[in-house]
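Chemist: Sending over structure_31.txt (compact mmCIF, C-alpha atoms).
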# COMPACT_ATOMS: atom_id res chain seq x y z
CA MET A 1 -17.42 11.82 17.60
CA THR A 2 -19.34 8.56 17.72
CA GLU A 3 -20.68 9.07 14.20
CA TYR A 4 -17.09 8.64 12.97
CA SER A 5 -16.54 5.43 14.92
CA SER A 6 -16.27 3.42 11.68
CA VAL A 7 -13.43 5.64 10.48
CA ILE A 8 -11.46 6.10 13.71
CA GLN A 9 -10.02 2.70 14.59
CA LYS A 10 -7.18 1.78 16.93
CA GLY A 11 -6.33 -1.59 15.47
CA PRO A 12 -7.76 -4.74 13.90
CA ALA A 13 -11.46 -5.43 14.44
CA THR A 14 -13.12 -8.83 14.28
CA LEU A 15 -15.77 -8.73 11.59
CA ALA A 16 -17.15 -12.10 12.66
CA GLU A 17 -18.45 -10.43 15.83
CA GLU A 18 -20.22 -7.64 13.95
CA ARG A 19 -23.35 -7.57 11.84
CA ARG A 20 -22.38 -6.89 8.25
CA GLU A 21 -23.67 -3.51 7.17
CA ARG A 22 -25.80 -2.91 4.06
CA ALA A 23 -24.32 -0.44 1.58
CA VAL A 24 -25.54 1.60 -1.37
CA LEU A 25 -22.71 2.49 -3.78
CA VAL A 26 -22.75 5.74 -5.75
CA GLY A 27 -20.62 6.61 -8.79
CA VAL A 28 -20.43 9.63 -11.08
CA ASP A 29 -19.50 9.26 -14.76
CA ARG A 30 -17.49 12.34 -15.78
CA PRO A 31 -15.54 13.19 -18.93
CA GLY A 32 -11.88 12.13 -18.89
CA LEU A 33 -12.15 9.32 -16.33
CA GLU A 34 -9.05 7.11 -16.41
CA TRP A 35 -11.06 3.98 -15.57
CA PRO A 36 -14.45 2.87 -16.93
CA LEU A 37 -17.08 3.64 -14.30
CA GLY A 38 -18.25 0.02 -14.26
CA SER A 39 -14.77 -1.26 -13.36
CA SER A 40 -14.31 1.39 -10.69
CA MET A 41 -17.67 0.52 -9.13
CA ALA A 42 -16.84 -3.20 -9.21
CA GLU A 43 -13.64 -2.43 -7.30
CA LEU A 44 -15.61 -0.28 -4.85
CA GLU A 45 -17.89 -3.27 -4.22
CA ARG A 46 -14.84 -5.41 -3.42
CA LEU A 47 -13.56 -2.70 -1.08
CA ALA A 48 -16.93 -2.61 0.68
CA ASP A 49 -16.91 -6.40 1.02
CA THR A 50 -13.38 -6.33 2.47
CA ALA A 51 -14.50 -3.70 4.99
CA GLY A 52 -17.44 -5.88 6.05
CA ALA A 53 -20.39 -4.44 4.12
CA ASP A 54 -22.78 -6.12 1.69
CA THR A 55 -23.71 -4.07 -1.36
CA VAL A 56 -27.49 -3.95 -1.70
CA ALA A 57 -27.79 -1.35 -4.51
CA PHE A 58 -25.80 0.62 -7.10
CA THR A 59 -26.64 3.98 -8.58
CA THR A 60 -24.74 6.25 -10.96
CA GLN A 61 -25.14 9.65 -12.57
CA LYS A 62 -23.54 11.21 -15.63
CA LEU A 63 -22.25 14.74 -14.92
CA ASP A 64 -19.90 17.17 -16.63
CA ALA A 65 -18.63 18.28 -13.21
CA PRO A 66 -19.49 17.38 -9.60
CA ASN A 67 -22.14 19.45 -7.86
CA PRO A 68 -20.22 21.68 -5.37
CA ARG A 69 -22.97 21.27 -2.78
CA THR A 70 -23.87 17.56 -2.88
CA PHE A 71 -21.42 16.08 -5.46
CA VAL A 72 -24.37 14.53 -7.31
CA GLY A 73 -27.39 16.57 -8.39
CA SER A 74 -29.89 17.56 -5.70
CA GLY A 75 -32.57 15.33 -7.25
CA LYS A 76 -30.13 12.42 -7.36
CA ALA A 77 -29.26 12.96 -3.70
CA GLU A 78 -32.96 12.61 -2.78
CA GLU A 79 -33.13 9.48 -4.96
CA ILE A 80 -30.13 7.99 -3.11
CA ALA A 81 -31.80 8.70 0.24
CA GLU A 82 -34.95 6.92 -0.95
CA LEU A 83 -32.87 4.01 -2.30
CA ALA A 84 -31.11 3.63 1.06
CA ARG A 85 -34.49 3.75 2.82
CA ALA A 86 -36.01 1.13 0.49
CA HIS A 87 -33.10 -1.30 0.99
CA GLU A 88 -32.74 -0.58 4.72
CA ALA A 89 -29.12 0.43 4.09
CA ASP A 90 -26.80 1.52 6.89
CA LEU A 91 -24.22 3.06 4.60
CA VAL A 92 -23.93 5.14 1.42
CA VAL A 93 -20.47 4.98 -0.19
CA PHE A 94 -19.36 7.42 -2.89
CA ASP A 95 -16.69 6.26 -5.34
CA ASP A 96 -14.96 9.65 -5.26
CA GLU A 97 -13.63 11.78 -2.42
CA LEU A 98 -16.22 14.15 -0.96
CA THR A 99 -15.41 17.55 0.45
CA PRO A 100 -16.39 18.07 4.11
CA SER A 101 -19.29 20.34 3.10
CA GLN A 102 -20.57 17.88 0.49
CA GLN A 103 -20.51 15.09 3.06
CA ALA A 104 -22.33 17.26 5.63
CA ASN A 105 -25.00 18.29 3.11
CA LEU A 106 -25.59 14.70 2.01
CA GLU A 107 -25.93 13.54 5.61
CA LYS A 108 -28.70 16.11 6.13
CA ILE A 109 -30.64 14.57 3.22
CA MET A 110 -30.22 10.95 4.36
CA ASP A 111 -31.99 9.33 7.30
CA LYS A 112 -30.16 9.84 10.60
CA SER A 113 -29.29 6.14 10.80
CA VAL A 114 -27.46 6.21 7.42
CA LYS A 115 -23.75 7.03 7.30
CA VAL A 116 -22.29 8.78 4.25
CA ILE A 117 -18.64 8.04 3.49
CA ASP A 118 -16.39 8.24 0.44
CA ARG A 119 -13.83 5.92 -1.12
CA THR A 120 -11.03 7.40 1.00
CA ALA A 121 -12.84 6.69 4.28
CA LEU A 122 -13.58 3.14 3.09
CA ILE A 123 -9.90 2.50 2.32
CA LEU A 124 -8.92 3.95 5.70
CA ASP A 125 -11.39 1.61 7.37
CA ILE A 126 -9.85 -1.40 5.61
CA PHE A 127 -6.35 -0.26 6.53
CA ALA A 128 -7.46 0.00 10.17
CA LEU A 129 -8.76 -3.57 10.05
CA HIS A 130 -5.60 -5.01 8.51
CA ALA A 131 -2.77 -3.09 10.18
CA THR A 132 -1.06 -5.43 12.64
CA SER A 133 2.29 -3.87 13.59
CA LYS A 134 2.55 -0.86 15.89
CA GLU A 135 3.98 1.22 13.05
CA GLY A 136 1.21 0.14 10.68
CA ARG A 137 -1.51 1.06 13.18
CA LEU A 138 0.09 4.45 13.83
CA GLN A 139 0.36 5.15 10.10
CA VAL A 140 -3.32 4.36 9.69
CA ARG A 141 -4.32 6.52 12.66
CA LEU A 142 -2.29 9.42 11.29
CA ALA A 143 -4.08 9.21 7.94
CA GLN A 144 -7.45 8.86 9.71
CA ASN A 145 -6.93 11.96 11.82
CA GLN A 146 -5.71 13.95 8.82
CA TYR A 147 -8.90 12.89 7.03
CA LEU A 148 -11.08 13.70 10.05
CA TYR A 149 -9.67 17.15 10.86
CA PRO A 150 -11.37 19.20 8.11
CA ARG A 151 -14.60 17.22 8.64
CA LEU A 152 -15.01 18.26 12.27
CA ARG A 153 -16.96 21.28 11.04
CA GLY A 154 -20.63 20.91 11.80
CA MET A 155 -20.32 17.85 14.05
CA TRP A 156 -20.96 20.04 17.11
CA ALA A 157 -23.29 22.63 15.55
CA HIS A 158 -25.79 22.18 18.39
CA LEU A 159 -23.07 23.36 20.82
CA ALA A 160 -21.78 26.25 18.70
CA SER A 161 -23.50 28.84 20.86
CA ASN A 162 -22.45 27.25 24.15
CA ARG A 163 -19.14 28.47 25.55
CA MET A 164 -16.74 26.74 27.85
CA GLY A 165 -15.22 28.75 30.65
CA GLY A 166 -16.88 32.09 31.41
CA GLY A 167 -17.90 33.24 34.88
CA VAL A 168 -15.96 35.46 37.30
CA GLY A 169 -12.56 36.44 36.02
CA SER A 170 -13.20 35.31 32.45
CA ARG A 171 -15.92 37.63 31.19
CA PHE A 172 -13.40 39.43 28.99
CA GLY A 173 -13.27 36.38 26.72
CA GLU A 174 -15.92 34.26 25.10
CA GLY A 175 -14.16 31.02 25.83
CA GLU A 176 -13.84 28.26 23.22
CA SER A 177 -16.46 26.43 21.23
CA GLN A 178 -16.52 22.65 21.44
CA LEU A 179 -15.51 22.58 17.77
CA GLU A 180 -12.32 24.53 18.51
CA VAL A 181 -11.51 22.21 21.41
CA ASP A 182 -11.97 19.16 19.20
CA ARG A 183 -9.83 20.62 16.44
CA ARG A 184 -7.05 21.30 18.91
CA MET A 185 -7.38 17.77 20.27
CA VAL A 186 -7.05 16.26 16.76
CA ARG A 187 -4.06 18.53 15.99
CA LYS A 188 -2.36 17.35 19.18
CA ARG A 189 -3.11 13.75 18.27
CA ILE A 190 -1.61 14.22 14.80
CA THR A 191 1.52 15.81 16.30
CA SER A 192 1.85 13.01 18.86
CA ILE A 193 1.46 10.25 16.24
CA ARG A 194 3.97 11.94 13.94
CA ARG A 195 6.48 12.11 16.81
CA GLU A 196 6.02 8.42 17.60
CA LEU A 197 6.25 7.49 13.91
CA ALA A 198 9.46 9.51 13.59
CA HIS A 199 10.98 7.45 16.41
CA LEU A 200 9.87 4.16 14.82
CA SER A 201 11.15 5.43 11.46
CA GLU A 202 14.59 5.95 13.02
CA VAL A 203 14.56 2.37 14.29
CA ARG A 204 13.49 1.11 10.86
CA SER A 205 16.21 3.24 9.24
CA LEU A 206 18.85 1.66 11.47
CA GLN A 207 17.60 -1.80 10.52
CA ARG A 208 17.57 -0.77 6.85
CA GLU A 209 21.07 0.70 7.08
CA SER A 210 22.39 -2.52 8.59
CA ARG A 211 20.96 -4.38 5.58
CA TYR A 212 22.32 -1.78 3.18
CA GLY A 213 25.70 -1.79 4.93
CA SER A 214 25.90 -5.52 4.38
CA GLY A 215 26.12 -4.85 0.64
CA MET A 216 23.33 -7.35 0.07
CA PHE A 217 21.33 -6.90 -3.14
CA LYS A 218 17.84 -5.65 -2.26
CA VAL A 219 14.66 -6.50 -4.18
CA ALA A 220 11.29 -4.85 -3.41
CA LEU A 221 7.89 -6.06 -4.63
CA ALA A 222 5.47 -3.32 -5.69
CA GLY A 223 2.12 -3.61 -7.39
CA TYR A 224 -1.60 -3.11 -7.31
CA THR A 225 -3.43 -4.55 -4.33
CA ASN A 226 -4.33 -8.23 -4.75
CA ALA A 227 -1.82 -8.70 -7.60
CA GLY A 228 -0.30 -11.61 -5.67
CA LYS A 229 2.84 -10.03 -4.18
CA SER A 230 2.61 -11.96 -0.91
CA SER A 231 1.99 -15.23 -2.75
CA LEU A 232 5.00 -14.52 -4.97
CA ILE A 233 7.35 -13.85 -2.04
CA ASN A 234 6.09 -17.06 -0.44
CA ARG A 235 6.83 -18.99 -3.65
CA LEU A 236 10.30 -17.43 -4.03
CA THR A 237 11.50 -17.71 -0.45
CA GLY A 238 9.43 -20.57 0.95
CA SER A 239 8.12 -18.25 3.69
CA ASP A 240 4.60 -17.96 5.04
CA VAL A 241 3.66 -14.31 4.55
CA LEU A 242 -0.11 -13.81 4.98
CA SER A 243 -1.85 -13.95 1.59
CA TYR A 244 -5.60 -13.83 0.89
CA ASP A 245 -7.72 -13.09 -2.16
CA LYS A 246 -8.68 -9.77 -0.57
CA LEU A 247 -7.83 -6.14 -1.22
CA PHE A 248 -5.11 -4.89 1.16
CA ALA A 249 -4.74 -8.27 2.91
CA THR A 250 -1.25 -7.19 4.06
CA LEU A 251 -0.09 -3.69 4.95
CA ASP A 252 3.13 -4.17 6.87
CA SER A 253 6.27 -4.65 4.83
CA THR A 254 7.97 -8.04 5.20
CA THR A 255 11.60 -8.78 4.33
CA ARG A 256 12.93 -12.28 3.67
CA LYS A 257 16.34 -13.64 2.66
CA PHE A 258 16.58 -15.53 -0.60
CA GLU A 259 19.51 -17.49 -2.01
CA LEU A 260 20.09 -17.26 -5.75
CA PRO A 261 21.17 -20.43 -7.60
CA GLU A 262 24.81 -19.28 -7.69
CA GLY A 263 24.80 -19.10 -3.88
CA ARG A 264 24.49 -15.34 -3.42
CA GLU A 265 22.06 -14.16 -0.77
CA ILE A 266 19.68 -11.27 -1.47
CA THR A 267 16.72 -9.76 0.38
CA VAL A 268 13.17 -9.65 -0.97
CA THR A 269 10.66 -7.20 0.59
CA ASP A 270 6.88 -7.30 0.22
CA THR A 271 5.20 -3.87 0.51
CA VAL A 272 1.70 -2.41 0.81
CA GLY A 273 -0.41 -2.70 -2.34
CA PHE A 274 -1.45 0.34 -4.36
CA ILE A 275 -4.87 1.24 -5.72
CA GLN A 276 -6.39 3.80 -8.05
CA LYS A 277 -7.37 7.07 -6.32
CA LEU A 278 -4.99 6.20 -3.44
CA PRO A 279 -5.37 9.15 -1.05
CA THR A 280 -2.30 11.39 -0.82
CA THR A 281 -2.57 11.31 2.98
CA LEU A 282 -2.09 7.54 2.88
CA VAL A 283 1.00 7.81 0.67
CA GLU A 284 2.42 10.34 3.12
CA ALA A 285 1.45 8.33 6.22
CA PHE A 286 3.01 5.14 4.82
CA LYS A 287 6.18 6.90 3.70
CA SER A 288 8.45 4.95 6.06
CA THR A 289 7.02 1.67 4.72
CA LEU A 290 7.34 2.84 1.11
CA ASP A 291 10.99 3.74 1.80
CA GLU A 292 11.60 0.01 1.41
CA ILE A 293 10.88 0.55 -2.29
CA THR A 294 13.00 3.69 -2.73
CA GLY A 295 15.97 1.98 -1.07
CA ALA A 296 15.83 -1.13 -3.27
CA ASP A 297 18.32 -2.05 -6.00
CA LEU A 298 15.56 -3.71 -8.04
CA ILE A 299 11.76 -3.40 -8.08
CA LEU A 300 9.57 -6.31 -9.12
CA HIS A 301 6.40 -4.63 -10.41
CA VAL A 302 3.84 -7.40 -9.92
CA VAL A 303 0.81 -7.20 -12.25
CA ASP A 304 -2.38 -9.26 -12.06
CA ALA A 305 -2.40 -10.69 -15.59
CA SER A 306 -5.94 -12.01 -15.11
CA SER A 307 -7.45 -8.59 -14.41
CA PRO A 308 -9.26 -6.93 -17.33
CA GLU A 309 -8.06 -3.58 -15.93
CA PHE A 310 -4.37 -4.49 -15.65
CA GLU A 311 -3.29 -1.55 -17.82
CA GLY A 312 -5.04 0.95 -15.55
CA GLN A 313 -3.53 -0.83 -12.55
CA ILE A 314 -0.05 -0.50 -14.08
CA ASP A 315 -0.63 3.24 -14.51
CA ALA A 316 -1.85 3.56 -10.90
CA VAL A 317 1.35 1.89 -9.63
CA HIS A 318 3.50 4.13 -11.83
CA ASP A 319 1.74 7.17 -10.35
CA VAL A 320 2.63 6.15 -6.79
CA LEU A 321 6.20 5.25 -7.75
CA ASP A 322 6.50 8.75 -9.22
CA GLN A 323 5.14 10.25 -5.99
CA ILE A 324 7.83 8.53 -3.92
CA SER A 325 10.61 9.25 -6.50
CA ALA A 326 11.21 5.57 -7.29
CA GLN A 327 10.67 5.83 -11.05
CA ASP A 328 14.39 5.59 -11.89
CA ILE A 329 15.10 2.35 -10.00
CA ALA A 330 15.70 -0.73 -12.18
CA THR A 331 12.39 -2.56 -12.59
CA ILE A 332 11.27 -5.97 -13.83
CA GLN A 333 7.59 -6.23 -14.75
CA VAL A 334 6.15 -9.53 -13.51
CA PHE A 335 2.77 -10.70 -14.81
CA ASN A 336 1.38 -13.00 -12.12
CA LYS A 337 -1.62 -15.40 -12.15
CA CYS A 338 -0.74 -16.64 -15.65
CA ASP A 339 -2.34 -19.99 -14.78
CA MET A 340 -5.68 -18.19 -15.25
CA LEU A 341 -4.93 -17.18 -18.87
CA ASP A 342 -5.48 -19.18 -22.05
CA ASP A 343 -2.53 -19.70 -24.41
CA ASP A 344 -3.62 -17.07 -26.95
CA THR A 345 -4.02 -14.34 -24.31
CA LYS A 346 -0.66 -15.20 -22.78
CA ALA A 347 1.04 -15.15 -26.19
CA GLY A 348 -0.51 -11.75 -26.92
CA LEU A 349 0.79 -10.33 -23.63
CA LYS A 350 4.27 -11.67 -24.31
CA ARG A 351 4.30 -9.91 -27.69
CA ARG A 352 3.16 -6.64 -26.09
CA PHE A 353 5.56 -6.87 -23.13
CA PRO A 354 8.64 -8.68 -24.48
CA HIS A 355 10.85 -7.75 -21.50
CA ALA A 356 8.38 -8.85 -18.81
CA GLN A 357 8.36 -12.10 -16.84
CA PHE A 358 5.25 -14.30 -16.85
CA VAL A 359 4.70 -16.40 -13.74
CA SER A 360 2.15 -18.12 -11.56
CA ALA A 361 2.87 -17.94 -7.85
CA LYS A 362 0.21 -20.60 -7.39
CA THR A 363 1.65 -23.27 -9.73
CA GLY A 364 5.31 -22.20 -9.93
CA GLU A 365 5.15 -21.53 -13.67
CA GLY A 366 7.88 -19.13 -14.82
CA ILE A 367 9.53 -18.82 -11.39
CA ASP A 368 12.89 -20.21 -12.58
CA ALA A 369 13.02 -17.66 -15.41
CA LEU A 370 12.17 -14.87 -12.95
CA VAL A 371 14.93 -15.97 -10.58
CA SER A 372 17.38 -15.95 -13.51
CA ALA A 373 16.29 -12.39 -14.39
CA ILE A 374 16.81 -11.30 -10.77
CA ALA A 375 20.24 -12.96 -10.73
CA ALA A 376 21.21 -11.20 -13.98
CA SER A 377 20.18 -7.85 -12.49
CA ALA A 378 22.07 -8.57 -9.27
CA SER A 379 25.21 -9.34 -11.28
CA ALA A 380 24.89 -6.45 -13.74
CA SER A 381 27.44 -4.23 -11.97
CA ASP A 382 29.72 -7.03 -10.75
CA VAL A 383 33.46 -7.12 -11.46
CA LYS A 384 35.31 -10.34 -12.19
CA LEU A 385 38.10 -11.19 -9.73
CA ASP A 386 40.68 -13.96 -9.68
CA VAL A 387 41.96 -14.36 -6.11
CA VAL A 388 43.86 -16.76 -3.89
CA ILE A 389 42.64 -16.40 -0.32
CA PRO A 390 44.93 -17.75 2.46
CA TYR A 391 43.45 -20.62 4.43
CA GLN A 392 43.53 -18.56 7.63
CA ARG A 393 41.02 -16.15 6.02
CA GLY A 394 38.10 -18.53 5.98
CA ASP A 395 35.84 -15.55 6.75
CA LEU A 396 36.51 -14.16 3.25
CA VAL A 397 35.73 -17.51 1.64
CA SER A 398 32.40 -17.56 3.54
CA LEU A 399 31.71 -13.99 2.43
CA ALA A 400 32.41 -14.96 -1.18
CA HIS A 401 29.91 -17.82 -1.00
CA GLU A 402 27.22 -15.70 0.67
CA ARG A 403 27.54 -12.47 -1.31
CA CYS A 404 29.31 -13.29 -4.59
CA HIS A 405 28.82 -15.44 -7.65
CA ILE A 406 31.47 -18.20 -7.59
CA ILE A 407 32.57 -19.23 -11.10
CA SER A 408 35.27 -21.74 -10.02
CA GLU A 409 36.87 -22.83 -6.76
CA ASN A 410 40.12 -24.80 -6.29
CA HIS A 411 42.18 -25.59 -3.21
CA GLU A 412 45.87 -24.89 -3.80
CA ALA A 413 49.01 -24.86 -1.65
CA ASP A 414 48.73 -21.12 -0.92
CA GLY A 415 45.02 -21.01 -0.27
CA THR A 416 41.60 -21.17 -1.89
CA HIS A 417 41.70 -20.09 -5.54
CA LEU A 418 38.44 -18.39 -6.52
CA GLN A 419 37.24 -16.94 -9.78
CA MET A 420 34.10 -14.96 -9.05
CA LEU A 421 31.83 -12.05 -9.84
CA VAL A 422 31.87 -9.52 -7.00
CA SER A 423 29.64 -6.49 -6.42
CA PRO A 424 31.52 -3.18 -6.06
CA ALA A 425 30.50 -3.09 -2.36
CA PHE A 426 32.77 -6.11 -1.64
CA ALA A 427 35.50 -5.75 -4.25
CA ALA A 428 37.85 -3.92 -1.85
CA SER A 429 37.74 -6.87 0.60
CA PHE A 430 39.25 -9.22 -2.02
CA GLU A 431 41.51 -7.01 -4.13
CA ALA A 432 44.53 -7.52 -1.81
CA PHE A 433 44.49 -11.23 -2.73
CA ALA A 434 44.20 -10.82 -6.49
CA CYS A 435 46.37 -13.16 -8.55
Let me see the file written as structure tokens.
Modeler:
Amino acid sequence: MTEYSSVIQKGPATLAEERRERAVLVGVDRPGLEWPLGSSMAELERLADTAGADTVAFTTQKLDAPNPRTFVGSGKAEEIAELARAHEADLVVFDDELTPSQQANLEKIMDKSVKVIDRTALILDIFALHATSKEGRLQVRLAQNQYLYPRLRGMWAHLASNRMGGGVGSRFGEGESQLEVDRRMVRKRITSIRRELAHLSEVRSLQRESRYGSGMFKVALAGYTNAGKSSLINRLTGSDVLSYDKLFATLDSTTRKFELPEGREITVTDTVGFIQKLPTTLVEAFKSTLDEITGADLILHVVDASSPEFEGQIDAVHDVLDQISAQDIATIQVFNKCDMLDDDTKAGLKRRFPHAQFVSAKTGEGIDALVSAIAASASASDVKLDVVIPYQRGDLVSLAHERCHIISENHEADGTHLQMLVSPAFAASFEAFAC
């Protein structure tokens, strides 16, 4: 399976040690496309760059429907092969997902040295480069093997007539073809990875339950890849989560504590970025990571305000949130990178999205207003309590400062007199001391 070596990865690879490949990008303009073809191809070029390939040529074709045999027309396929030959390309990347038969037919038309992959394989390759945790690498390998399984057909055609086994005592059966052996091997690998992921998911669930059991308000960042989620969590919490101007720079979810101005502690979790045409296998493989979103009390939907395609990106994020049943969780829309907008554009966005927050993680613009909006959401279901806590219950006073919004605090003869806003999760701990 060496021809799939660029798709099957076991962990991060160092691009500096590899020669950057030369890629020809192919797009098909069809009726009803959600994104303009030019924007989709520009994003494909960025994906190719992130994966370590230089784009040497673009080509597109207008079709009412994809060709079932080669996706593009047969004449266009020959033209692509000639284009790859002329530019000495190593790689042809299609902007849409190819069926296994389409990919096999295209490979027959290209030179033997040219690989044919689709957008899904390119994203999988990037995920393999950027996954750092054990769980992240396993999630990527699961998605890779699910992608590879139906494409095993034809890889061993030259061995189709050869049979394993045979000989004395086995002439009643034809044995197995190499293709069948490989399919069984990939199925076993998928089963094994799923089993290991299930174990890691249980560990993650225990960690998540301990956070949930603490009653702490939970915020999750969701958004299109490269919208600036990692930069925003760094700005909010003062942490050092990896952040680059690259697609899918971070894959593993990161949780940090954050103290609101009133003293209450909350958690903020950064999650994997979304993208248009995100393969369903990836959504399924990263389900345990995306559970960080479904278990949140509040979602910050981070939008790249500087992107000309921000509306399509918003729709792509909504699609994934719908897939993981997170559409009903309270959400604050956060337009990031506002330092890159002129005043008129920013004013226009504020008129169109009056309930959104407008920030710059780079300069700190709008962060205080965002924190106030988070605090208001965290306090939305709070109840007001007036309590006198005995001095021997200092643990409750500490809990009040960490998890509640203190309105006033006085030290009296009987104990500490607190007026505060308390979330329902902690109300029972204080009700016995109500005035």
Chemist: Measure the distance from atom CA of Thr237 of chain A to atom CA of Ser307 of chain A in Å and round it to one decimal.
Modeler: 25.2 Å
Chemist: Neighbouring residues of Gly364 of chain A were defined as those with any atom within 12 Å, considering only C-alpha atoms; residues of the same chain fewer than 5 positions away were excluded. Please report them as a list in words.
Modeler: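 Within the cut-off, the hits are Ser231, Leu232, Ile233, Asn234, Arg235, Leu236, Gly238, Asn336, Lys337, Cys338, Asp339, Phe358, Val359, Ala369, Leu370 and Val371 of chain A.
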Chemist: Please, what distance in Å, to one decimal, runs between atom CA of Ile299 of chain A and atom CA of Ile329 of chain A?
Modeler: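 Rounded to one decimal, the two atoms are 6.9 Å apart.
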Chemist: Have a look at A:Ala23, A:Leu399, A:Leu282, A:Val114 and name the one nearest to Phe127 of chain A; count only C-alpha atoms.
Modeler: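 Ranking A:Ala23, A:Leu399, A:Leu282, A:Val114 by distance to Phe127 of chain A, first place goes to A:Leu282.
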Chemist: Got a sec: who's within 12 Å of Ala356 of chain A, counting only C-alpha atoms, leaving out chain neighbours fewer than 3 positions off, as a PDB file with C-alpha atoms, in the coordinates of the input?
Modeler:
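Contents of selection_26.pdb, freshly written:
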ATOM      1  CA  LEU A 300       9.570  -6.310  -9.120  1.00  0.00           C
ATOM      2  CA  HIS A 301       6.400  -4.630 -10.410  1.00  0.00           C
ATOM      3  CA  VAL A 302       3.840  -7.400  -9.920  1.00  0.00           C
ATOM      4  CA  VAL A 303       0.810  -7.200 -12.250  1.00  0.00           C
ATOM      5  CA  ALA A 305      -2.400 -10.690 -15.590  1.00  0.00           C
ATOM      6  CA  THR A 331      12.390  -2.560 -12.590  1.00  0.00           C
ATOM      7  CA  ILE A 332      11.270  -5.970 -13.830  1.00  0.00           C
ATOM      8  CA  GLN A 333       7.590  -6.230 -14.750  1.00  0.00           C
ATOM      9  CA  VAL A 334       6.150  -9.530 -13.510  1.00  0.00           C
ATOM     10  CA  PHE A 335       2.770 -10.700 -14.810  1.00  0.00           C
ATOM     11  CA  ASN A 336       1.380 -13.000 -12.120  1.00  0.00           C
ATOM     12  CA  LYS A 346      -0.660 -15.200 -22.780  1.00  0.00           C
ATOM     13  CA  LEU A 349       0.790 -10.330 -23.630  1.00  0.00           C
ATOM     14  CA  LYS A 350       4.270 -11.670 -24.310  1.00  0.00           C
ATOM     15  CA  ARG A 351       4.300  -9.910 -27.690  1.00  0.00           C
ATOM     16  CA  ARG A 352       3.160  -6.640 -26.090  1.00  0.00           C
ATOM     17  CA  PHE A 353       5.560  -6.870 -23.130  1.00  0.00           C
ATOM     18  CA  VAL A 359       4.700 -16.400 -13.740  1.00  0.00           C
ATOM     19  CA  GLY A 366       7.880 -19.130 -14.820  1.00  0.00           C
ATOM     20  CA  ALA A 369      13.020 -17.660 -15.410  1.00  0.00           C
ATOM     21  CA  LEU A 370      12.170 -14.870 -12.950  1.00  0.00           C
ATOM     22  CA  ALA A 373      16.290 -12.390 -14.390  1.00  0.00           C
ATOM     23  CA  ILE A 374      16.810 -11.300 -10.770  1.00  0.00           C
TER      24      ILE A 374
END
Chemist: Using all atoms listed in the file, what does the table of segment 293-388 of chain A residues within 10 Å of segment 28-46 of chain A look like, with each row giving the shortest atom pair and its distance in Å to one decimal, sorted by chain and ascending number, as a Markdown table?
Modeler:
| residue | atom | partner | partner_atom | distance |
| --- | --- | --- | --- | --- |
| A:Pro308 | CA | A:Ser39 | CA | 8.8 |
| A:Glu309 | CA | A:Ser39 | CA | 7.6 |
| A:Glu311 | CA | A:Trp35 | CA | 9.8 |
| A:Gly312 | CA | A:Trp35 | CA | 6.7 |
| A:Gln313 | CA | A:Trp35 | CA | 9.4 |
| A:Asp315 | CA | A:Glu34 | CA | 9.5 |
| A:Ala316 | CA | A:Glu34 | CA | 9.7 |
Chemist: List every protein, DNA or RNA residue that has at least one atom no more than 6 Å from (34.9, -21.7, -9.9) in the file's coordinates, counting only C-alpha atoms, and write the result as a count of residues only.
Modeler: 6
Chemist: Which value, in Å to one decimal, gives the distance between atom CA of Asp328 of chain A and atom CA of Arg264 of chain A?
Modeler: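 We find that atom CA of Asp328 of chain A and atom CA of Arg264 of chain A lie 24.7 Å from each other.
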Chemist: From the options A:Ser381, A:Thr50, A:Thr70, A:Ser201, which residue's atoms come nearest to Gly136 of chain A, counting only C-alpha atoms?
Modeler: A:Ser201
Chemist: Could you pull the residues within 8 Å of Glu135 of chain A, counting only C-alpha atoms, minus those fewer than 3 positions along the same chain, as a ChimeraX atom specification?
Modeler: /A:138-139,197,200
Chemist: Please identify all polymer residues within 8 Å of segment 83-95 of chain A, counting all atoms listed in the file, omitting same-chain residues fewer than 5 positions from it, and present them as JSON, numbers by chain.
Modeler: {"A": [21, 22, 23, 24, 25, 26, 27, 28, 40, 41, 44, 56, 57, 111, 113, 114, 115, 116, 117, 118, 119, 122]}
Chemist: Taking 5 positions as the minimum chain separation for residues in the same chain, which residues sit within 8 Å of Ala51 of chain A when counting all atoms listed in the file? Answer as JSON, numbers by chain.
Modeler: {"A": [122, 125, 126, 129]}
